[in-house]
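coords14.cif follows (mmCIF, C-alpha atoms; chains and numbers go by the auth columns):
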```
data_target
#
loop_
_atom_site.group_PDB
_atom_site.id
_atom_site.type_symbol
_atom_site.label_atom_id
_atom_site.label_comp_id
_atom_site.label_asym_id
_atom_site.label_seq_id
_atom_site.Cartn_x
_atom_site.Cartn_y
_atom_site.Cartn_z
_atom_site.B_iso_or_equiv
_atom_site.auth_seq_id
_atom_site.auth_asym_id
ATOM 1 C CA MET A 1 66.191 38.029 22.803 0.00 24 A
ATOM 2 C CA THR A 2 66.991 37.914 19.093 0.00 25 A
ATOM 3 C CA ALA A 3 67.387 34.768 17.055 0.00 26 A
ATOM 4 C CA LYS A 4 70.873 33.550 16.251 0.00 27 A
ATOM 5 C CA LYS A 5 72.171 34.760 12.895 0.00 28 A
ATOM 6 C CA HIS A 6 73.403 32.075 10.541 0.00 29 A
ATOM 7 C CA ALA A 7 75.981 32.663 7.834 0.00 30 A
ATOM 8 C CA VAL A 8 75.075 30.556 4.816 0.00 31 A
ATOM 9 C CA TRP A 9 77.048 30.246 1.603 0.00 32 A
ATOM 10 C CA VAL A 10 74.862 30.133 -1.538 0.00 33 A
ATOM 11 C CA MET A 11 75.316 30.297 -5.318 0.00 34 A
ATOM 12 C CA ILE A 12 73.063 32.525 -7.422 0.00 35 A
ATOM 13 C CA GLY A 13 73.771 33.105 -11.086 0.00 36 A
ATOM 14 C CA GLY A 14 77.193 31.528 -10.818 0.00 37 A
ATOM 15 C CA GLU A 15 78.225 33.952 -8.069 0.00 38 A
ATOM 16 C CA SER A 16 78.797 32.942 -4.468 0.00 39 A
ATOM 17 C CA TYR A 17 77.207 34.895 -1.648 0.00 40 A
ATOM 18 C CA THR A 18 77.314 34.649 2.113 0.00 41 A
ATOM 19 C CA VAL A 19 73.851 35.357 3.470 0.00 42 A
ATOM 20 C CA ARG A 20 73.506 36.232 7.142 0.00 43 A
ATOM 21 C CA SER A 21 70.017 35.600 8.439 0.00 44 A
ATOM 22 C CA ASP A 22 68.075 34.427 11.465 0.00 45 A
ATOM 23 C CA LEU A 23 66.290 31.953 9.183 0.00 46 A
ATOM 24 C CA THR A 24 67.448 28.348 9.161 0.00 47 A
ATOM 25 C CA PRO A 25 70.343 27.577 6.823 0.00 48 A
ATOM 26 C CA GLU A 26 68.190 25.027 4.978 0.00 49 A
ATOM 27 C CA TYR A 27 65.471 27.594 4.333 0.00 50 A
ATOM 28 C CA THR A 28 68.001 30.205 3.214 0.00 51 A
ATOM 29 C CA ARG A 29 69.499 27.711 0.760 0.00 52 A
ATOM 30 C CA GLU A 30 66.024 26.847 -0.538 0.00 53 A
ATOM 31 C CA VAL A 31 65.210 30.529 -1.116 0.00 54 A
ATOM 32 C CA ALA A 32 68.550 31.104 -2.840 0.00 55 A
ATOM 33 C CA ALA A 33 67.988 28.071 -5.071 0.00 56 A
ATOM 34 C CA TYR A 34 64.577 29.448 -6.035 0.00 57 A
ATOM 35 C CA VAL A 35 66.112 32.798 -6.990 0.00 58 A
ATOM 36 C CA ASP A 36 68.863 30.997 -8.913 0.00 59 A
ATOM 37 C CA GLN A 37 66.277 28.977 -10.864 0.00 60 A
ATOM 38 C CA ALA A 38 64.266 32.128 -11.636 0.00 61 A
ATOM 39 C CA LEU A 39 67.435 33.799 -12.926 0.00 62 A
ATOM 40 C CA LYS A 40 68.332 30.755 -15.048 0.00 63 A
ATOM 41 C CA LYS A 41 64.803 30.744 -16.490 0.00 64 A
ATOM 42 C CA VAL A 42 65.129 34.378 -17.583 0.00 65 A
ATOM 43 C CA LEU A 43 68.604 33.829 -19.007 0.00 66 A
ATOM 44 C CA SER A 44 67.423 30.783 -20.974 0.00 67 A
ATOM 45 C CA GLN A 45 64.776 32.833 -22.787 0.00 68 A
ATOM 46 C CA GLY A 46 67.297 34.714 -24.863 0.00 69 A
ATOM 47 C CA PRO A 47 70.510 36.664 -24.771 0.00 70 A
ATOM 48 C CA LEU A 48 70.639 39.570 -22.377 0.00 71 A
ATOM 49 C CA VAL A 49 73.466 42.020 -22.386 0.00 72 A
ATOM 50 C CA GLU A 50 73.847 42.238 -18.627 0.00 73 A
ATOM 51 C CA THR A 51 73.173 39.771 -15.833 0.00 74 A
ATOM 52 C CA HIS A 52 71.772 42.459 -13.531 0.00 75 A
ATOM 53 C CA LYS A 53 68.991 43.058 -16.061 0.00 76 A
ATOM 54 C CA ALA A 54 68.169 39.355 -15.958 0.00 77 A
ATOM 55 C CA ALA A 55 68.116 39.578 -12.148 0.00 78 A
ATOM 56 C CA ILE A 56 65.593 42.423 -12.335 0.00 79 A
ATOM 57 C CA LEU A 57 63.389 40.404 -14.691 0.00 80 A
ATOM 58 C CA ALA A 58 63.664 37.403 -12.363 0.00 81 A
ATOM 59 C CA ALA A 59 62.671 39.625 -9.439 0.00 82 A
ATOM 60 C CA LEU A 60 59.646 40.796 -11.422 0.00 83 A
ATOM 61 C CA ASP A 61 58.652 37.172 -12.123 0.00 84 A
ATOM 62 C CA ILE A 62 58.993 36.246 -8.447 0.00 85 A
ATOM 63 C CA THR A 63 57.030 39.339 -7.379 0.00 86 A
ATOM 64 C CA ASN A 64 54.303 38.438 -9.859 0.00 87 A
ATOM 65 C CA GLU A 65 54.111 34.955 -8.302 0.00 88 A
ATOM 66 C CA LEU A 66 53.848 36.538 -4.849 0.00 89 A
ATOM 67 C CA PHE A 67 51.076 38.920 -5.915 0.00 90 A
ATOM 68 C CA GLN A 68 49.136 36.092 -7.578 0.00 91 A
ATOM 69 C CA ALA A 69 49.486 33.932 -4.459 0.00 92 A
ATOM 70 C CA LYS A 70 48.233 36.789 -2.270 0.00 93 A
ATOM 71 C CA GLN A 71 45.253 37.322 -4.590 0.00 94 A
ATOM 72 C CA THR A 72 44.438 33.604 -4.478 0.00 95 A
ATOM 73 C CA GLU A 73 44.678 33.702 -0.683 0.00 96 A
ATOM 74 C CA ARG A 74 42.310 36.710 -0.495 0.00 97 A
ATOM 75 C CA GLU A 75 39.838 34.997 -2.819 0.00 98 A
ATOM 76 C CA GLY A 76 39.994 31.796 -0.765 0.00 99 A
ATOM 77 C CA ALA A 77 39.455 33.731 2.468 0.00 100 A
ATOM 78 C CA ALA A 78 36.450 35.507 0.931 0.00 101 A
ATOM 79 C CA ARG A 79 34.943 32.185 -0.209 0.00 102 A
ATOM 80 C CA LEU A 80 35.516 30.706 3.234 0.00 103 A
ATOM 81 C CA ALA A 81 33.864 33.710 4.881 0.00 104 A
ATOM 82 C CA ALA A 82 30.855 33.346 2.552 0.00 105 A
ATOM 83 C CA VAL A 83 30.523 29.636 3.372 0.00 106 A
ATOM 84 C CA THR A 84 30.831 30.414 7.080 0.00 107 A
ATOM 85 C CA ASP A 85 28.088 33.040 6.800 0.00 108 A
ATOM 86 C CA ASN A 86 25.845 30.614 4.918 0.00 109 A
ATOM 87 C CA LEU A 87 26.382 27.932 7.533 0.00 110 A
ATOM 88 C CA ALA A 88 25.736 30.396 10.356 0.00 111 A
ATOM 89 C CA ASN A 89 22.456 31.400 8.692 0.00 112 A
ATOM 90 C CA MET A 90 21.362 27.745 8.785 0.00 113 A
ATOM 91 C CA LEU A 91 21.631 27.711 12.572 0.00 114 A
ATOM 92 C CA PRO A 92 18.642 28.428 14.778 0.00 115 A
ATOM 93 C CA PRO A 93 18.459 32.129 15.771 0.00 116 A
ATOM 94 C CA ALA A 94 19.543 31.463 19.360 0.00 117 A
ATOM 95 C CA LYS A 95 22.692 29.687 18.177 0.00 118 A
ATOM 96 C CA ARG A 96 23.452 32.507 15.706 0.00 119 A
ATOM 97 C CA LYS A 97 23.291 35.059 18.544 0.00 120 A
ATOM 98 C CA ALA A 98 25.655 32.926 20.623 0.00 121 A
ATOM 99 C CA LEU A 99 28.088 32.773 17.692 0.00 122 A
ATOM 100 C CA THR A 100 28.161 36.529 17.139 0.00 123 A
ATOM 101 C CA ALA A 101 28.375 37.264 20.871 0.00 124 A
ATOM 102 C CA GLY A 102 31.326 34.957 21.468 0.00 125 A
#
```
Would you mind giving the structure from this file in structure tokens?
Amino acid sequence: MTAKKHAVWVMIGGESYTVRSDLTPEYTREVAAYVDQALKKVLSQGPLVETHKAAILAALDITNELFQAKQTEREGAARLAAVTDNLANMLPPAKRKALTAG
């Protein structure tokens, strides 16, 4: 069974769009508002000839944020794994074997 599609009206860059998605309308509006803010940020940095170029730059900014967040997540997971290994090494040998077996 597939999730119900919602049709949500949003404004991005002064243009209205109807977005059909299985995500909640509130979430869709939040995502659209984020994109709109990213576009406004790019447009406020100086005159661009065409709005679609500003949209591409905004997409690059958002993608950069995503990549940085993923890198931070990987680094956090690696630190957590190292702490877990250190803690496991503090356990008596019998307990360590039980941990790795289970």
Distance of CA of Ser39 in chain A from CA of Gln60 in chain A, expressed in Å to one decimal place: 14.6 Å
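Those residues that approach range 50-54 of chain A to within 10 Å, counting all atoms listed in the file, are His29, Ala30, Val31, Trp32, Val33, Met34, Val42, Arg43, Ser44, Asp45, Asp59 and Gln60 of chain A; same-chain residues fewer than 5 positions away are not listed.
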Quick one: write out the picked residues with C-alpha atoms as a tab-separated table (two decimals), in the frame of the given file?
```
chain	number	residue	atom	x	y	z
A	29	HIS	CA	73.40	32.08	10.54
A	30	ALA	CA	75.98	32.66	7.83
A	31	VAL	CA	75.08	30.56	4.82
A	32	TRP	CA	77.05	30.25	1.60
A	33	VAL	CA	74.86	30.13	-1.54
A	34	MET	CA	75.32	30.30	-5.32
A	42	VAL	CA	73.85	35.36	3.47
A	43	ARG	CA	73.51	36.23	7.14
A	44	SER	CA	70.02	35.60	8.44
A	45	ASP	CA	68.08	34.43	11.46
A	59	ASP	CA	68.86	31.00	-8.91
A	60	GLN	CA	66.28	28.98	-10.86
```
Of the listed residues A:Ile85, A:Gln94, A:Asn112, A:Ala26, that which approaches Leu46 in chain A most closely, counting all atoms listed in the file: A:Ala26
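For the pair CA of Ala55 in chain A and CA of Gly69 in chain A, the separation is 22.4 Å.
Compared by their closest atoms to Ala61 in chain A, and using all atoms listed in the file, the residues A:Thr41, A:Glu49, A:His75, A:Leu83 rank with A:Leu83 nearest.
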One-decimal distance in Å that lies between CA of Asn87 in chain A and CA of Leu62 in chain A: 14.3 Å
Using only C-alpha atoms: which of A:Asn109, A:Thr74, A:Thr95, A:Thr86 has the shortest distance to Ile35 in chain A: A:Thr74
Output file: range 112-124 of chain A, all heavy atoms, as a PDB file, in the first residue's frame:
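What follows is the written file part-v7.pdb:
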```
ATOM      1  N   ASN A 112      37.135  -2.709  25.411  1.00  0.00           N
ATOM      2  CA  ASN A 112      38.451  -3.188  25.830  1.00  0.00           C
ATOM      3  C   ASN A 112      38.649  -3.106  27.342  1.00  0.00           C
ATOM      4  O   ASN A 112      39.523  -3.772  27.889  1.00  0.00           O
ATOM      5  CB  ASN A 112      39.562  -2.413  25.113  1.00  0.00           C
ATOM      6  CG  ASN A 112      39.653  -2.798  23.658  1.00  0.00           C
ATOM      7  OD1 ASN A 112      39.299  -3.901  23.272  1.00  0.00           O
ATOM      8  ND2 ASN A 112      40.107  -1.869  22.838  1.00  0.00           N
ATOM      9  N   MET A 113      37.848  -2.302  28.016  1.00  0.00           N
ATOM     10  CA  MET A 113      37.925  -2.188  29.475  1.00  0.00           C
ATOM     11  C   MET A 113      37.200  -3.331  30.175  1.00  0.00           C
ATOM     12  O   MET A 113      37.392  -3.549  31.365  1.00  0.00           O
ATOM     13  CB  MET A 113      37.349  -0.849  29.940  1.00  0.00           C
ATOM     14  CG  MET A 113      38.158   0.333  29.520  1.00  0.00           C
ATOM     15  SD  MET A 113      37.344   1.829  30.083  1.00  0.00           S
ATOM     16  CE  MET A 113      38.276   3.059  29.218  1.00  0.00           C
ATOM     17  N   LEU A 114      36.374  -4.042  29.431  1.00  0.00           N
ATOM     18  CA  LEU A 114      35.629  -5.165  30.010  1.00  0.00           C
ATOM     19  C   LEU A 114      36.548  -6.358  30.220  1.00  0.00           C
ATOM     20  O   LEU A 114      37.548  -6.526  29.517  1.00  0.00           O
ATOM     21  CB  LEU A 114      34.485  -5.568  29.078  1.00  0.00           C
ATOM     22  CG  LEU A 114      33.348  -4.571  28.906  1.00  0.00           C
ATOM     23  CD1 LEU A 114      32.399  -5.056  27.817  1.00  0.00           C
ATOM     24  CD2 LEU A 114      32.606  -4.354  30.207  1.00  0.00           C
ATOM     25  N   PRO A 115      36.180  -7.217  31.177  1.00  0.00           N
ATOM     26  CA  PRO A 115      36.932  -8.461  31.336  1.00  0.00           C
ATOM     27  C   PRO A 115      36.829  -9.285  30.054  1.00  0.00           C
ATOM     28  O   PRO A 115      35.838  -9.190  29.316  1.00  0.00           O
ATOM     29  CB  PRO A 115      36.217  -9.171  32.495  1.00  0.00           C
ATOM     30  CG  PRO A 115      35.400  -8.127  33.168  1.00  0.00           C
ATOM     31  CD  PRO A 115      35.105  -7.080  32.145  1.00  0.00           C
ATOM     32  N   PRO A 116      37.846 -10.101  29.753  1.00  0.00           N
ATOM     33  CA  PRO A 116      37.843 -10.878  28.499  1.00  0.00           C
ATOM     34  C   PRO A 116      36.586 -11.685  28.257  1.00  0.00           C
ATOM     35  O   PRO A 116      36.088 -11.761  27.139  1.00  0.00           O
ATOM     36  CB  PRO A 116      39.063 -11.771  28.644  1.00  0.00           C
ATOM     37  CG  PRO A 116      39.964 -11.004  29.570  1.00  0.00           C
ATOM     38  CD  PRO A 116      39.065 -10.293  30.519  1.00  0.00           C
ATOM     39  N   ALA A 117      36.029 -12.298  29.281  1.00  0.00           N
ATOM     40  CA  ALA A 117      34.815 -13.105  29.107  1.00  0.00           C
ATOM     41  C   ALA A 117      33.636 -12.239  28.628  1.00  0.00           C
ATOM     42  O   ALA A 117      32.848 -12.659  27.780  1.00  0.00           O
ATOM     43  CB  ALA A 117      34.455 -13.815  30.393  1.00  0.00           C
ATOM     44  N   LYS A 118      33.530 -11.047  29.157  1.00  0.00           N
ATOM     45  CA  LYS A 118      32.452 -10.144  28.760  1.00  0.00           C
ATOM     46  C   LYS A 118      32.671  -9.649  27.321  1.00  0.00           C
ATOM     47  O   LYS A 118      31.722  -9.473  26.563  1.00  0.00           O
ATOM     48  CB  LYS A 118      32.364  -8.923  29.694  1.00  0.00           C
ATOM     49  CG  LYS A 118      31.962  -9.259  31.095  1.00  0.00           C
ATOM     50  CD  LYS A 118      30.483  -9.361  31.175  1.00  0.00           C
ATOM     51  CE  LYS A 118      30.094  -9.550  32.654  1.00  0.00           C
ATOM     52  NZ  LYS A 118      28.682  -9.647  32.822  1.00  0.00           N
ATOM     53  N   ARG A 119      33.927  -9.425  26.943  1.00  0.00           N
ATOM     54  CA  ARG A 119      34.239  -8.986  25.582  1.00  0.00           C
ATOM     55  C   ARG A 119      33.813 -10.048  24.586  1.00  0.00           C
ATOM     56  O   ARG A 119      33.240  -9.747  23.548  1.00  0.00           O
ATOM     57  CB  ARG A 119      35.739  -8.715  25.416  1.00  0.00           C
ATOM     58  CG  ARG A 119      36.096  -7.304  25.764  1.00  0.00           C
ATOM     59  CD  ARG A 119      37.552  -7.050  25.434  1.00  0.00           C
ATOM     60  NE  ARG A 119      38.243  -7.047  26.717  1.00  0.00           N
ATOM     61  CZ  ARG A 119      39.507  -7.336  26.915  1.00  0.00           C
ATOM     62  NH1 ARG A 119      40.265  -7.652  25.899  1.00  0.00           N
ATOM     63  NH2 ARG A 119      40.037  -7.296  28.096  1.00  0.00           N
ATOM     64  N   LYS A 120      34.095 -11.331  24.907  1.00  0.00           N
ATOM     65  CA  LYS A 120      33.710 -12.427  24.012  1.00  0.00           C
ATOM     66  C   LYS A 120      32.196 -12.497  23.873  1.00  0.00           C
ATOM     67  O   LYS A 120      31.682 -12.720  22.801  1.00  0.00           O
ATOM     68  CB  LYS A 120      34.274 -13.759  24.523  1.00  0.00           C
ATOM     69  CG  LYS A 120      35.752 -13.892  24.328  1.00  0.00           C
ATOM     70  CD  LYS A 120      36.254 -15.213  24.851  1.00  0.00           C
ATOM     71  CE  LYS A 120      37.781 -15.290  24.752  1.00  0.00           C
ATOM     72  NZ  LYS A 120      38.310 -16.500  25.337  1.00  0.00           N
ATOM     73  N   ALA A 121      31.491 -12.280  24.967  1.00  0.00           N
ATOM     74  CA  ALA A 121      30.021 -12.301  24.927  1.00  0.00           C
ATOM     75  C   ALA A 121      29.494 -11.163  24.062  1.00  0.00           C
ATOM     76  O   ALA A 121      28.513 -11.344  23.336  1.00  0.00           O
ATOM     77  CB  ALA A 121      29.461 -12.205  26.343  1.00  0.00           C
ATOM     78  N   LEU A 122      30.156 -10.008  24.113  1.00  0.00           N
ATOM     79  CA  LEU A 122      29.738  -8.868  23.294  1.00  0.00           C
ATOM     80  C   LEU A 122      29.910  -9.144  21.820  1.00  0.00           C
ATOM     81  O   LEU A 122      29.038  -8.854  21.008  1.00  0.00           O
ATOM     82  CB  LEU A 122      30.577  -7.641  23.661  1.00  0.00           C
ATOM     83  CG  LEU A 122      29.942  -6.578  24.522  1.00  0.00           C
ATOM     84  CD1 LEU A 122      30.943  -5.466  24.814  1.00  0.00           C
ATOM     85  CD2 LEU A 122      28.692  -6.012  23.944  1.00  0.00           C
ATOM     86  N   THR A 123      31.048  -9.697  21.436  1.00  0.00           N
ATOM     87  CA  THR A 123      31.324  -9.941  20.014  1.00  0.00           C
ATOM     88  C   THR A 123      30.538 -11.124  19.478  1.00  0.00           C
ATOM     89  O   THR A 123      30.257 -11.189  18.293  1.00  0.00           O
ATOM     90  CB  THR A 123      32.841 -10.172  19.765  1.00  0.00           C
ATOM     91  OG1 THR A 123      33.281 -11.245  20.564  1.00  0.00           O
ATOM     92  CG2 THR A 123      33.627  -8.915  20.102  1.00  0.00           C
ATOM     93  N   ALA A 124      30.156 -12.049  20.352  1.00  0.00           N
ATOM     94  CA  ALA A 124      29.373 -13.212  19.924  1.00  0.00           C
ATOM     95  C   ALA A 124      27.909 -12.853  19.725  1.00  0.00           C
ATOM     96  O   ALA A 124      27.213 -13.470  18.919  1.00  0.00           O
ATOM     97  CB  ALA A 124      29.499 -14.336  20.940  1.00  0.00           C
TER      98      ALA A 124
END
```
